[in-house]
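Colleague: To start, I am sharing the structure in question, which I have written as structure tokens.
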Amino acid sequence: MSHSSNPYRVRNRLCNKSNAIPDETGTLDITVYHKDLEEPLSNALIKVYKISVSGQYGEVGEGRLVHQAITDSTGKIPPVKLSAVNELMDDNDSFYSIAIHHPTHHSAYIFNVEIFPDVATKYDVSLKFMYDNEDFFEFIMQPRKSQTM
């Protein structure tokens with residue numbers, strides 16, 4: 001039995017919903033797949049947190065659960081409407097974080113998720129089956145402009 005050490009794969013896309021005037025909210029669309037079978041994964045628990053950072057050096061933070069849902073038979077949850085939070089906004093000290101859990105698969109975490117006004121942010125997440133009660137996870141840290149300079 002051969003399996004790679006990466007328990008999940010994530011692809012994300014930003015899609016402009018229309019040419020309408022931004023309403024300061026965007027949507028988050030998530031689809032979860034079984035990595036080895038490349039099939040939709042139902043009954044995965046998706047939790048979306050809004051993380052607020054403070055302190056002189058950004059050393060203190062708190063998270064608040066803003067949405068949770070369970071994937072359907074197509075591996076999807078209904079689109080989640082969220083307040084826009086991204087690095088392009090003035091005085092921004094927040095970001096979203098997503099946790100994806102399934103009882104028979106490794107968990108996935110996505111940090112620094114940005115939501116843009118009037119834009120759908122889409123994530124396709126592939127979770128790997130958990131063999132022999134392996135207890136580990138990996139995560140994706142979306143790069144922030146401040147980390148690349």
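Labels for the structure tokens follow display order: chains A, B, ..., residues from 1 in each chain, ligands from 1.
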Please identify every residue of stretch 36-101 of chain A that has at least one atom no farther than 12 Å from an atom of stretch 114-119 of chain A, counting only C-alpha atoms, and for each give the shortest atom pair and the distance in Å to one decimal, arranged by chain then increasing number, as a Markdown table.
Modeller:
```
| residue | atom | partner | partner_atom | distance |
| --- | --- | --- | --- | --- |
| A:Val48 | CA | A:Glu114 | CA | 11.8 |
| A:Tyr49 | CA | A:Glu114 | CA | 11.8 |
| A:Lys50 | CA | A:Glu114 | CA | 10.3 |
| A:Ile51 | CA | A:Glu114 | CA | 11.2 |
| A:Pro79 | CA | A:Val119 | CA | 11.7 |
| A:Val80 | CA | A:Ile115 | CA | 10.7 |
| A:Lys81 | CA | A:Ile115 | CA | 9.5 |
| A:Leu82 | CA | A:Ile115 | CA | 7.2 |
| A:Ser83 | CA | A:Ile115 | CA | 7.2 |
| A:Ala84 | CA | A:Ile115 | CA | 4.8 |
| A:Val85 | CA | A:Ile115 | CA | 5.2 |
| A:Asn86 | CA | A:Glu114 | CA | 4.8 |
| A:Glu87 | CA | A:Glu114 | CA | 7.7 |
| A:Leu88 | CA | A:Phe116 | CA | 8.9 |
| A:Met89 | CA | A:Phe116 | CA | 9.4 |
| A:Asn92 | CA | A:Glu114 | CA | 11.0 |
| A:Asp93 | CA | A:Glu114 | CA | 11.7 |
| A:Ser94 | CA | A:Glu114 | CA | 9.2 |
| A:Phe95 | CA | A:Glu114 | CA | 6.2 |
| A:Tyr96 | CA | A:Glu114 | CA | 6.5 |
| A:Ser97 | CA | A:Glu114 | CA | 8.9 |
| A:Ile98 | CA | A:Glu114 | CA | 10.9 |
```
Colleague: Considering only C-alpha atoms, state which residue in the set A:Val125, A:Leu37, A:Val32, A:Leu45 is at the smallest distance from A:His102.
Modeller: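 Closest to A:His102 of all the choices is A:Leu45.
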Colleague: Quick one: residues within 6 Å of A:Ser107, only C-alpha atoms counted, chain neighbours fewer than 2 positions away excluded, as a PDB file with C-alpha atoms, in the first residue's frame?
Modeller:
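Final output, out_10.pdb:
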```pdb
ATOM      1  CA  ILE A 100     -11.708  20.996   7.266  1.00  0.00           C
ATOM      2  CA  HIS A 101     -12.308  17.813   9.281  1.00  0.00           C
ATOM      3  CA  PHE A 137      -2.143  17.289   9.741  1.00  0.00           C
TER       4      PHE A 137
END
```
Colleague: Among stretch 5-135 of chain A, which ones does DSSP place in strand (DSSP E), written as a ChimeraX atom specification?
Modeller: /A:8-16,25-34,39-40,45-54,60-70,80-83,94-102,105-113,119-127
Colleague: What's the separation between atom CA of A:Lys76 and atom CA of A:Leu127, in Å to one decimal place?
Modeller: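 Separation of atom CA of A:Lys76 and atom CA of A:Leu127: 13.5 Å.
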Colleague: With distances taken over only C-alpha atoms, which of A:Val53, A:Ile140, A:Ala69, A:Glu39 is nearest to A:Tyr123?
Modeller: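 For A:Tyr123, the nearest of the candidates is A:Ile140.
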